Amino acid sequence: MKKLSAHLSVKSLIRFAPIMILAITAPTGAAKEDDTPTKQLLGTVSSADPRATAAGEMILRQGGSAADAAMAMMLALTVVEPQSSGIGGGGFLLHFDGDDGALTTIDGRETAPASAKDDLFLDENGERLGFIQAVLGGRSVGTPGNMRLMAKTHEKWGKLKWEALFAPAIQLAEEGFEVNEVLHSRLNRLSRVWGEFPAAQKLYWRDGKPAPVGTLIKNPDMANSLRTLAKEGADAFYRGPIAEDIIKTVQNGHPNKGDLQLTDLASYRAIERDAVCNSYHQYIVCGMGPPSSGASTVLQILGQLERFNLGNIGVENPLSWHLIHESMRLAYADREKYLADADFVSVPIQGLLDPYYLTQRSNLIKIDSSLNNYDAGTPPGAKPRTVAEQREVPGTTHFVAADGNGSVVSMTSTIEGPFGSQLISGGFFLNNELTDFTFVPEENGAPVANRVQGGKRPLSSMSPTIVFDKNGVPILALGSAGGKRIIMHVTKTLIGVLDFGLSLDKAIALPNIYFARDAVQIESGTFLADKSNELAAYGRTVLTSNIGSKVNGAQFIDGKWVGYADPRSPGNAFNPE
């Protein structure tokens with residue numbers, strides 16, 4: 001199996017110099033010298049729904065590549081997990097090539113209409129709209145990117161014919177799938193607003209209320225859309241009847257109208273971007289660059305923590321979790337201030353990951369108490385910037401695939417909040433991705449980085465990740481759902497493997513941690529919740545709550561890739577015997 005290519009090493013790792021390692025002792029999860037992957041017969045796939053995992057397995061069994069399997073899962077999830085992702089939304093993809101060792105990232109993030117102005121989410125008095133006011137209807141819909149991402153992925157790495165990747169999803173849409181508990185709970189949550197969305201009710205309600213668990217859902221309109229795309233290619237999504245129906249739905253499907261145009265669809269492009277990578281202990285951690293804030297924020301958290309040697313402190317020691325919380329707060333403060341679409345705004349990625357800057361930020365962290373505030377820093381190369389609140393709702397999905405050739409895909413896909421804009425076109429939900437922009441375009445007389453602009457891609461927390469050992473060989477691939485919490489779900493899992501030496505499944509199962517205003521949020525029903533008083537002794541209120549997650553990933557163990565899924569979700573992995 002190939003190692004990470006020299007091209008990427010020069011392009012990313014030298015440009016983003018390794019963080020200064022202040023704690024020399026290697027973590028307990030260190031990879032062995034001879035722990036080098038060899039080709040396995042089939043591979044593995046993992047997703048947040050067993051029916052999507054089965055689609056990926058089917059493609060691998062037919063001789064498909066990791067890229068083929070990932071795209072088949074993306075399509076299947078459009079059918080069986082309509083609340084979270086699909087072809088009406090967008091995503092970010094990382095691909096490691098088992099042949100040449102190249103790491104490629106593809107940005108399939110949605111874009112604002114070309115005509116969009118920075119007051120899109122302000123009312124006639126210049127006041128910000130309420131979040132639900134902004135979400136419901138066409139105003140929140142960005143140009144979907146997943147089909148262009150899929151076309152580029154298949155063109156570069158596909159082995160099976162394009163049409164073959166659609167077969168599992170078409171079968172699910174045509175023959176039907178059963179409502180599971182997760183879908184039913186999301187339907188219940190949105191039932192109060194669906195009086196305005198008859199197309200959604202027609203598909204997912206029975207006898208005037210959300211379909212019960214076990215209800216068979218058939219979606220002939222989606223099956224027809226998928227058949228058209230399978231036959232005619234991705235262009236059929238961005239031009240012709242499918243595109244025309246999307247525009248009609250956005251502009252006339254709800255009183256809260258959007259201004260998406262056919263020209264916005266026709267001009268959309270998925271973009272290959274440089275991966276953002278940095279070292280952590282003896283590993284190399286890689287992810288997506290802007291408009292994702294995932295990699296930079298994950299790497300900042302890790303870089304600020306590296307000197308503490310969490311492996312020695314211990315996984316059940318509240319001190320470890322205090323340090324994780326403090327580093328999280330500092331990194332998120334920088335995220336809020338500096339991250340946005342780098343095609344529109346200067347984003348100081350190099351400065352945020354500069355070793356000296358990370359050392360400065362790390363030195364703010366106290367081992368015996370919490371900080372009084374968590375202001376953003378001033379990384380090298382940063383321009384003056386103002387901060388305004390930006391909201392992301394927990395949604396989204398993640399899936400991974402590894403094939404017998406050693407290629408690996410880690411992709412996060414989303415329509416943003418549950419059921420996106422609530423609008424259905426061609427059988428699939430349209431995203432509400434534009435609400436990932438910051439609603440208020442100015443603060444203190446200065447423009448906000450993540451303000452709405454025509455053609456711009458909104459800031460995202462999606463964090464598809466691939467980790468390499470010190471020899472440049474991939475050993476982990478993972479990601480999660482969860483809005484802004486995605487970053488922490490991924491970071492916690494990475495720490496579990498790379499610092500605490502846990503297997504990926506046990507690292508995924510570690511307690512989730514986040515923050516709410518001045519309080520620390522920890523997952524209820526976990527060992528950390530039992531230690532909440534000890535954690536509170538560091539000076540912050542501790543709240544226990546149900547912090548769900550949907551982490552999916554794969555780890556190289558004993559000569560083969562093994563897939564895992566979050567025990568909090570119905571997801572699973574296919575691992576051949």
# chains A, B, ... in the order shown; residues from 1 in each chain; ligands from 1
>>> select_by_dssp(residues="range 199-228 of chain A", states="alpha helix (DSSP H)", output="ChimeraX atom specification")
/A:199-204,220-228
>>> write_last_selection(atoms="N, CA and C atoms", output="PDB file, in the first residue's frame")
ATOM      1  N   ALA A 199     -46.176  18.475   0.404  1.00  0.00           N
ATOM      2  CA  ALA A 199     -45.396  17.431  -0.281  1.00  0.00           C
ATOM      3  C   ALA A 199     -44.675  16.557   0.730  1.00  0.00           C
ATOM      4  N   ALA A 200     -44.158  17.161   1.790  1.00  0.00           N
ATOM      5  CA  ALA A 200     -43.483  16.387   2.834  1.00  0.00           C
ATOM      6  C   ALA A 200     -44.486  15.529   3.595  1.00  0.00           C
ATOM      7  N   GLN A 201     -45.654  16.099   3.895  1.00  0.00           N
ATOM      8  CA  GLN A 201     -46.694  15.335   4.585  1.00  0.00           C
ATOM      9  C   GLN A 201     -47.123  14.127   3.764  1.00  0.00           C
ATOM     10  N   LYS A 202     -47.298  14.331   2.483  1.00  0.00           N
ATOM     11  CA  LYS A 202     -47.780  13.250   1.611  1.00  0.00           C
ATOM     12  C   LYS A 202     -46.850  12.038   1.656  1.00  0.00           C
ATOM     13  N   LEU A 203     -45.558  12.304   1.728  1.00  0.00           N
ATOM     14  CA  LEU A 203     -44.584  11.217   1.738  1.00  0.00           C
ATOM     15  C   LEU A 203     -44.427  10.562   3.103  1.00  0.00           C
ATOM     16  N   TYR A 204     -44.371  11.379   4.166  1.00  0.00           N
ATOM     17  CA  TYR A 204     -43.902  10.879   5.463  1.00  0.00           C
ATOM     18  C   TYR A 204     -44.942  10.899   6.570  1.00  0.00           C
ATOM     19  N   PRO A 220     -41.648   7.119  -5.216  1.00  0.00           N
ATOM     20  CA  PRO A 220     -41.513   6.966  -6.669  1.00  0.00           C
ATOM     21  C   PRO A 220     -40.921   8.179  -7.361  1.00  0.00           C
ATOM     22  N   ASP A 221     -41.175   9.388  -6.838  1.00  0.00           N
ATOM     23  CA  ASP A 221     -40.588  10.579  -7.458  1.00  0.00           C
ATOM     24  C   ASP A 221     -39.071  10.562  -7.340  1.00  0.00           C
ATOM     25  N   MET A 222     -38.567  10.152  -6.177  1.00  0.00           N
ATOM     26  CA  MET A 222     -37.122  10.064  -6.023  1.00  0.00           C
ATOM     27  C   MET A 222     -36.550   8.967  -6.916  1.00  0.00           C
ATOM     28  N   ALA A 223     -37.240   7.836  -7.002  1.00  0.00           N
ATOM     29  CA  ALA A 223     -36.784   6.772  -7.888  1.00  0.00           C
ATOM     30  C   ALA A 223     -36.663   7.277  -9.322  1.00  0.00           C
ATOM     31  N   ASN A 224     -37.635   8.056  -9.763  1.00  0.00           N
ATOM     32  CA  ASN A 224     -37.587   8.615 -11.118  1.00  0.00           C
ATOM     33  C   ASN A 224     -36.420   9.584 -11.280  1.00  0.00           C
ATOM     34  N   SER A 225     -36.198  10.431 -10.269  1.00  0.00           N
ATOM     35  CA  SER A 225     -35.066  11.364 -10.331  1.00  0.00           C
ATOM     36  C   SER A 225     -33.749  10.604 -10.421  1.00  0.00           C
ATOM     37  N   LEU A 226     -33.616   9.583  -9.594  1.00  0.00           N
ATOM     38  CA  LEU A 226     -32.378   8.803  -9.585  1.00  0.00           C
ATOM     39  C   LEU A 226     -32.179   8.059 -10.907  1.00  0.00           C
ATOM     40  N   ARG A 227     -33.261   7.551 -11.487  1.00  0.00           N
ATOM     41  CA  ARG A 227     -33.142   6.883 -12.785  1.00  0.00           C
ATOM     42  C   ARG A 227     -32.668   7.852 -13.860  1.00  0.00           C
ATOM     43  N   THR A 228     -33.201   9.057 -13.828  1.00  0.00           N
ATOM     44  CA  THR A 228     -32.769  10.079 -14.797  1.00  0.00           C
ATOM     45  C   THR A 228     -31.294  10.405 -14.626  1.00  0.00           C
TER      46      THR A 228
END
>>> residues_around(residues="Ser185 in chain A", least_positions_apart="2", cutoff="12 Å", atoms="only C-alpha atoms", output="ChimeraX atom specification")
/A:83,179-183,187-191,210-213,418
>>> write_last_selection(atoms="C-alpha atoms", output="tab-separated table (two decimals), in the first residue's frame")
chain	number	residue	atom	x	y	z
A	83	GLN	CA	-33.74	14.23	7.52
A	179	VAL	CA	-39.28	4.19	9.19
A	180	ASN	CA	-36.84	3.71	12.06
A	181	GLU	CA	-36.93	5.37	15.47
A	182	VAL	CA	-34.57	8.17	14.45
A	183	LEU	CA	-36.61	9.21	11.42
A	187	LEU	CA	-40.81	13.70	11.98
A	188	ASN	CA	-42.44	14.29	15.36
A	189	ARG	CA	-40.12	17.21	16.05
A	190	LEU	CA	-41.06	18.97	12.81
A	191	SER	CA	-44.76	18.08	12.81
A	210	PRO	CA	-45.96	11.42	11.39
A	211	ALA	CA	-45.52	7.87	10.10
A	212	PRO	CA	-45.01	5.38	12.96
A	213	VAL	CA	-41.91	3.22	13.31
A	418	PRO	CA	-33.60	18.12	9.96
>>> residues_around(residues="Asn363 in chain A", least_positions_apart="3", cutoff="10 Å", atoms="only C-alpha atoms", output="PDB file with N, CA and C atoms, in the first residue's frame")
ATOM      1  N   GLN A 304      -2.928  22.635  20.837  1.00  0.00           N
ATOM      2  CA  GLN A 304      -2.882  23.280  22.137  1.00  0.00           C
ATOM      3  C   GLN A 304      -2.789  22.259  23.276  1.00  0.00           C
ATOM      4  N   LEU A 305      -3.249  21.034  23.021  1.00  0.00           N
ATOM      5  CA  LEU A 305      -3.244  19.993  24.053  1.00  0.00           C
ATOM      6  C   LEU A 305      -1.963  19.168  24.078  1.00  0.00           C
ATOM      7  N   ARG A 307       1.172  19.407  24.588  1.00  0.00           N
ATOM      8  CA  ARG A 307       2.184  19.477  25.646  1.00  0.00           C
ATOM      9  C   ARG A 307       1.753  18.817  26.943  1.00  0.00           C
ATOM     10  N   TYR A 357       2.258  30.334  17.567  1.00  0.00           N
ATOM     11  CA  TYR A 357       0.928  30.805  17.947  1.00  0.00           C
ATOM     12  C   TYR A 357       0.207  29.754  18.792  1.00  0.00           C
ATOM     13  N   LEU A 358       0.286  28.489  18.394  1.00  0.00           N
ATOM     14  CA  LEU A 358      -0.351  27.430  19.165  1.00  0.00           C
ATOM     15  C   LEU A 358       0.255  27.301  20.560  1.00  0.00           C
ATOM     16  N   THR A 359       1.553  27.517  20.652  1.00  0.00           N
ATOM     17  CA  THR A 359       2.199  27.497  21.963  1.00  0.00           C
ATOM     18  C   THR A 359       1.671  28.630  22.835  1.00  0.00           C
ATOM     19  N   GLN A 360       1.542  29.815  22.239  1.00  0.00           N
ATOM     20  CA  GLN A 360       0.981  30.957  22.980  1.00  0.00           C
ATOM     21  C   GLN A 360      -0.414  30.628  23.510  1.00  0.00           C
ATOM     22  N   LYS A 366      -4.745  26.645  31.995  1.00  0.00           N
ATOM     23  CA  LYS A 366      -4.271  26.360  33.345  1.00  0.00           C
ATOM     24  C   LYS A 366      -4.719  24.962  33.765  1.00  0.00           C
TER      25      LYS A 366
END
>>> residues_around(residues="range 265-270 of chain A", least_positions_apart="5", cutoff="7 Å", atoms="only C-alpha atoms", output="PyMOL selection string")
chain A and resi 106-108+143+145+148-149+238-239
>>> write_last_selection(atoms="C-alpha atoms", output="tab-separated table (two decimals), in the first residue's frame")
chain	number	residue	atom	x	y	z
A	106	ILE	CA	-13.35	17.83	-2.88
A	107	ASP	CA	-15.54	20.73	-1.79
A	108	GLY	CA	-19.17	20.09	-2.73
A	143	THR	CA	-27.22	25.47	-4.83
A	145	GLY	CA	-23.33	20.37	-4.60
A	148	ARG	CA	-21.21	17.57	-8.94
A	149	LEU	CA	-19.07	16.15	-6.13
A	238	TYR	CA	-28.22	21.11	-12.97
A	239	ARG	CA	-30.05	21.54	-16.29
>>> atom_distance(atom1="CA of Ala402 in chain A", atom2="CA of Ala66 in chain A")
5.0 Å
>>> residues_around(residues="Ile513 in chain A", least_positions_apart="5", cutoff="8 Å", atoms="only C-alpha atoms", output="tab-separated table (two decimals) with C-alpha atoms, in the first residue's frame")
chain	number	residue	atom	x	y	z
A	325	HIS	CA	-12.69	21.82	27.40
A	488	MET	CA	-15.68	18.02	19.14
A	489	HIS	CA	-17.06	14.57	18.32
A	492	LYS	CA	-12.69	13.52	21.21
A	520	VAL	CA	-19.38	22.82	30.28
A	521	GLN	CA	-21.74	20.31	28.68
A	522	ILE	CA	-21.04	16.62	29.22
A	523	GLU	CA	-22.98	13.59	28.09
A	547	ILE	CA	-25.34	15.00	23.63
>>> closest_residue(among="A:Leu4, A:Ser407, A:Ala536, A:Ala507", to="Leu42 in chain A", atoms="only C-alpha atoms")
A:Ser407
>>> closest_residue(among="A:Tyr338, A:Phe197, A:Phe429, A:Trp157", to="Phe96 in chain A", atoms="only C-alpha atoms")
A:Trp157
>>> select_by_dssp(residues="range 254-296 of chain A", states="strand (DSSP E)", output="PyMOL selection string")
chain A and resi 271-273+276-280+283-287
>>> write_last_selection(atoms="N, CA and C atoms", output="tab-separated table (two decimals), in the first residue's frame")
chain	number	residue	atom	x	y	z
A	271	ILE	N	-15.14	21.71	-6.18
A	271	ILE	CA	-13.78	22.22	-6.27
A	271	ILE	C	-12.81	21.31	-5.52
A	272	GLU	N	-11.71	20.96	-6.17
A	272	GLU	CA	-10.61	20.29	-5.47
A	272	GLU	C	-9.82	21.34	-4.70
A	273	ARG	N	-9.58	21.09	-3.43
A	273	ARG	CA	-8.84	22.03	-2.60
A	273	ARG	C	-7.69	21.31	-1.90
A	276	VAL	N	-5.84	20.32	4.63
A	276	VAL	CA	-5.19	20.99	5.76
A	276	VAL	C	-4.69	19.90	6.70
A	277	CYS	N	-3.39	19.85	6.90
A	277	CYS	CA	-2.76	18.79	7.68
A	277	CYS	C	-1.80	19.38	8.71
A	278	ASN	N	-1.61	18.67	9.78
A	278	ASN	CA	-0.58	19.01	10.75
A	278	ASN	C	-0.23	17.76	11.55
A	279	SER	N	0.93	17.82	12.22
A	279	SER	CA	1.36	16.68	13.02
A	279	SER	C	0.73	16.75	14.41
A	280	TYR	N	0.50	15.57	14.98
A	280	TYR	CA	0.07	15.44	16.37
A	280	TYR	C	0.76	14.21	16.93
A	283	TYR	N	1.83	11.37	14.57
A	283	TYR	CA	0.84	11.17	13.53
A	283	TYR	C	0.70	12.42	12.66
A	284	ILE	N	0.05	12.25	11.52
A	284	ILE	CA	-0.32	13.37	10.65
A	284	ILE	C	-1.83	13.33	10.51
A	285	VAL	N	-2.49	14.41	10.90
A	285	VAL	CA	-3.95	14.49	10.86
A	285	VAL	C	-4.34	15.45	9.74
A	286	CYS	N	-5.22	14.99	8.84
A	286	CYS	CA	-5.60	15.77	7.67
A	286	CYS	C	-7.12	15.91	7.57
A	287	GLY	N	-7.54	17.07	7.08
A	287	GLY	CA	-8.96	17.31	6.88
A	287	GLY	C	-9.20	18.38	5.84
>>> closest_atom_pairs(of="range 65-153 of chain A", to="range 444-459 of chain A", cutoff="9 Å", atoms="only C-alpha atoms", output="tab-separated table")
residue	atom	partner	partner_atom	distance
A:Arg109	CA	A:Arg457	CA	6.3
A:Glu110	CA	A:Arg457	CA	5.9
A:Thr111	CA	A:Arg457	CA	4.6
A:Ala112	CA	A:Gly455	CA	4.8
A:Pro113	CA	A:Gly454	CA	5.4
A:Ala114	CA	A:Gly454	CA	4.1
A:Ser115	CA	A:Gly454	CA	5.5
A:Ala116	CA	A:Gly454	CA	4.6
A:Lys117	CA	A:Gln453	CA	5.7
A:Asp118	CA	A:Val452	CA	4.5
A:Asp119	CA	A:Val452	CA	7.4
A:Leu120	CA	A:Val452	CA	7.1
A:Phe121	CA	A:Val452	CA	8.6
A:Gly142	CA	A:Arg457	CA	8.6
>>> atom_distance(atom1="CA of Ala573 in chain A", atom2="CA of Gly420 in chain A")
26.2 Å
>>> closest_residue(among="A:Pro567, A:Leu504, A:Gly101, A:Thr526", to="Asn471 in chain A", atoms="only C-alpha atoms")
A:Gly101
>>> atom_distance(atom1="CA of Gln171 in chain A", atom2="CA of Ala52 in chain A")
11.7 Å
>>> residues_around(residues="Val141 in chain A", least_positions_apart="5", cutoff="12 Å", atoms="only C-alpha atoms", output="PyMOL selection string")
chain A and resi 88-90+110-113+116+120+134-136+246-247+249-251+253-254+256-261+264-265+415-417+419-425+429-437+457-458
>>> write_last_selection(atoms="N, CA and C atoms", output="short mmCIF file (atom, residue, chain, number, x, y, z; two decimals), in the first residue's frame")
data_model
loop_
_atom_site.label_atom_id
_atom_site.label_comp_id
_atom_site.auth_asym_id
_atom_site.auth_seq_id
_atom_site.Cartn_x
_atom_site.Cartn_y
_atom_site.Cartn_z
N GLY A 88 -30.02 16.77 -2.47
CA GLY A 88 -30.49 18.15 -2.36
C GLY A 88 -29.60 19.01 -1.49
N GLY A 89 -28.45 18.45 -1.09
CA GLY A 89 -27.51 19.19 -0.24
C GLY A 89 -26.10 19.12 -0.78
N GLY A 90 -25.13 19.15 0.12
CA GLY A 90 -23.73 19.17 -0.30
C GLY A 90 -22.86 18.41 0.68
N GLU A 110 -22.66 23.83 -0.72
CA GLU A 110 -23.64 24.64 -1.44
C GLU A 110 -23.18 26.09 -1.55
N THR A 111 -23.72 26.79 -2.54
CA THR A 111 -23.39 28.20 -2.73
C THR A 111 -24.65 29.05 -2.66
N ALA A 112 -24.46 30.30 -2.24
CA ALA A 112 -25.56 31.26 -2.23
C ALA A 112 -25.89 31.66 -3.67
N PRO A 113 -27.14 32.00 -3.95
CA PRO A 113 -27.47 32.50 -5.29
C PRO A 113 -26.59 33.71 -5.65
N ALA A 116 -27.69 36.99 -4.22
CA ALA A 116 -27.87 37.14 -2.77
C ALA A 116 -27.12 38.35 -2.23
N LEU A 120 -29.82 39.17 3.47
CA LEU A 120 -30.76 38.09 3.16
C LEU A 120 -31.58 37.67 4.36
N ALA A 134 -36.10 31.98 9.10
CA ALA A 134 -35.11 31.94 8.04
C ALA A 134 -35.04 30.58 7.36
N VAL A 135 -35.23 29.50 8.16
CA VAL A 135 -35.03 28.15 7.65
C VAL A 135 -36.13 27.71 6.70
N LEU A 136 -37.37 27.92 7.11
CA LEU A 136 -38.50 27.34 6.38
C LEU A 136 -38.70 27.99 5.03
N ILE A 246 -36.54 22.20 -9.23
CA ILE A 246 -35.87 22.76 -8.04
C ILE A 246 -36.13 24.26 -7.95
N ILE A 247 -35.94 24.95 -9.06
CA ILE A 247 -36.12 26.41 -9.06
C ILE A 247 -37.58 26.77 -8.80
N THR A 249 -39.73 25.07 -7.10
CA THR A 249 -40.01 24.79 -5.69
C THR A 249 -39.44 25.87 -4.79
N VAL A 250 -38.20 26.28 -5.05
CA VAL A 250 -37.55 27.31 -4.23
C VAL A 250 -38.29 28.64 -4.34
N GLN A 251 -38.73 28.98 -5.53
CA GLN A 251 -39.33 30.31 -5.75
C GLN A 251 -40.81 30.36 -5.43
N GLY A 253 -42.65 27.36 -3.79
CA GLY A 253 -43.14 26.27 -2.97
C GLY A 253 -43.54 26.66 -1.56
N HIS A 254 -43.28 27.91 -1.19
CA HIS A 254 -43.57 28.38 0.17
C HIS A 254 -43.55 29.90 0.16
N ASN A 256 -42.12 31.93 2.04
CA ASN A 256 -40.77 32.42 2.30
C ASN A 256 -39.90 32.06 1.09
N LYS A 257 -40.02 32.83 0.02
CA LYS A 257 -39.44 32.47 -1.27
C LYS A 257 -37.94 32.70 -1.32
N GLY A 258 -37.27 31.88 -2.13
CA GLY A 258 -35.86 32.07 -2.40
C GLY A 258 -35.64 32.64 -3.79
N ASP A 259 -34.39 32.99 -4.07
CA ASP A 259 -34.08 33.60 -5.36
C ASP A 259 -33.08 32.78 -6.15
N LEU A 260 -33.00 31.49 -5.88
CA LEU A 260 -32.13 30.62 -6.65
C LEU A 260 -32.61 30.59 -8.10
N GLN A 261 -31.66 30.66 -9.05
CA GLN A 261 -31.97 30.71 -10.47
C GLN A 261 -31.36 29.52 -11.19
N ASP A 264 -27.71 29.71 -11.48
CA ASP A 264 -26.94 29.29 -10.30
C ASP A 264 -26.65 27.79 -10.36
N LEU A 265 -27.65 27.01 -10.75
CA LEU A 265 -27.45 25.57 -10.87
C LEU A 265 -26.47 25.25 -11.99
N ILE A 415 -27.88 18.18 4.46
CA ILE A 415 -28.84 19.18 3.98
C ILE A 415 -29.05 20.22 5.08
N GLU A 416 -28.18 20.24 6.05
CA GLU A 416 -28.15 21.14 7.21
C GLU A 416 -29.09 20.63 8.29
N GLY A 417 -30.17 21.34 8.62
CA GLY A 417 -31.03 20.91 9.72
C GLY A 417 -31.93 19.76 9.32
N PHE A 419 -34.47 17.74 7.73
CA PHE A 419 -35.27 17.93 6.52
C PHE A 419 -34.99 19.26 5.83
N GLY A 420 -33.85 19.86 6.12
CA GLY A 420 -33.42 21.06 5.41
C GLY A 420 -34.44 22.17 5.45
N SER A 421 -34.79 22.68 4.26
CA SER A 421 -35.77 23.76 4.15
C SER A 421 -37.20 23.26 4.30
N GLN A 422 -37.39 21.96 4.40
CA GLN A 422 -38.68 21.26 4.41
C GLN A 422 -39.30 21.16 3.01
N LEU A 423 -38.68 21.74 2.01
CA LEU A 423 -39.18 21.70 0.63
C LEU A 423 -38.69 20.44 -0.07
N ILE A 424 -39.58 19.79 -0.81
CA ILE A 424 -39.24 18.60 -1.58
C ILE A 424 -39.35 18.90 -3.07
N SER A 425 -38.33 18.48 -3.80
CA SER A 425 -38.34 18.57 -5.26
C SER A 425 -37.82 17.25 -5.80
N PHE A 429 -35.38 16.19 -0.34
CA PHE A 429 -35.44 17.46 0.38
C PHE A 429 -34.35 18.41 -0.10
N LEU A 430 -34.69 19.67 -0.16
CA LEU A 430 -33.73 20.72 -0.48
C LEU A 430 -33.17 21.30 0.81
N ASN A 431 -31.89 21.61 0.79
CA ASN A 431 -31.16 22.06 1.98
C ASN A 431 -31.63 23.40 2.51
N ASN A 432 -31.24 23.69 3.75
CA ASN A 432 -31.37 25.04 4.31
C ASN A 432 -29.97 25.59 4.64
N GLU A 433 -29.03 25.29 3.75
CA GLU A 433 -27.62 25.55 4.05
C GLU A 433 -27.28 27.02 4.19
N LEU A 434 -28.07 27.90 3.60
CA LEU A 434 -27.72 29.33 3.69
C LEU A 434 -27.83 29.86 5.11
N THR A 435 -28.56 29.15 5.98
CA THR A 435 -28.62 29.60 7.38
C THR A 435 -27.34 29.30 8.13
N ASP A 436 -26.36 28.67 7.46
CA ASP A 436 -25.03 28.55 8.05
C ASP A 436 -24.21 29.83 7.90
N PHE A 437 -24.70 30.77 7.09
CA PHE A 437 -24.09 32.09 7.08
C PHE A 437 -24.43 32.82 8.38
N ARG A 457 -19.79 30.23 -0.32
CA ARG A 457 -20.11 28.99 0.38
C ARG A 457 -20.12 29.25 1.89
N PRO A 458 -21.20 28.89 2.58
CA PRO A 458 -21.27 29.18 4.02
C PRO A 458 -20.28 28.36 4.82
#
>>> residues_around(residues="Gly548 in chain A", least_positions_apart="5", cutoff="12 Å", atoms="only C-alpha atoms", output="MDAnalysis selection string")
chainID A and resid 182 394:395 480:483 485:486 488:489 508:514 521:525 566:570
>>> closest_residue(among="A:Thr544, A:Ser346, A:Thr153, A:Thr44", to="Pro291 in chain A", atoms="only C-alpha atoms")
A:Ser346
>>> closest_residue(among="A:Asn533, A:Asn317, A:Thr397, A:Ser461", to="Leu339 in chain A", atoms="only C-alpha atoms")
A:Ser461
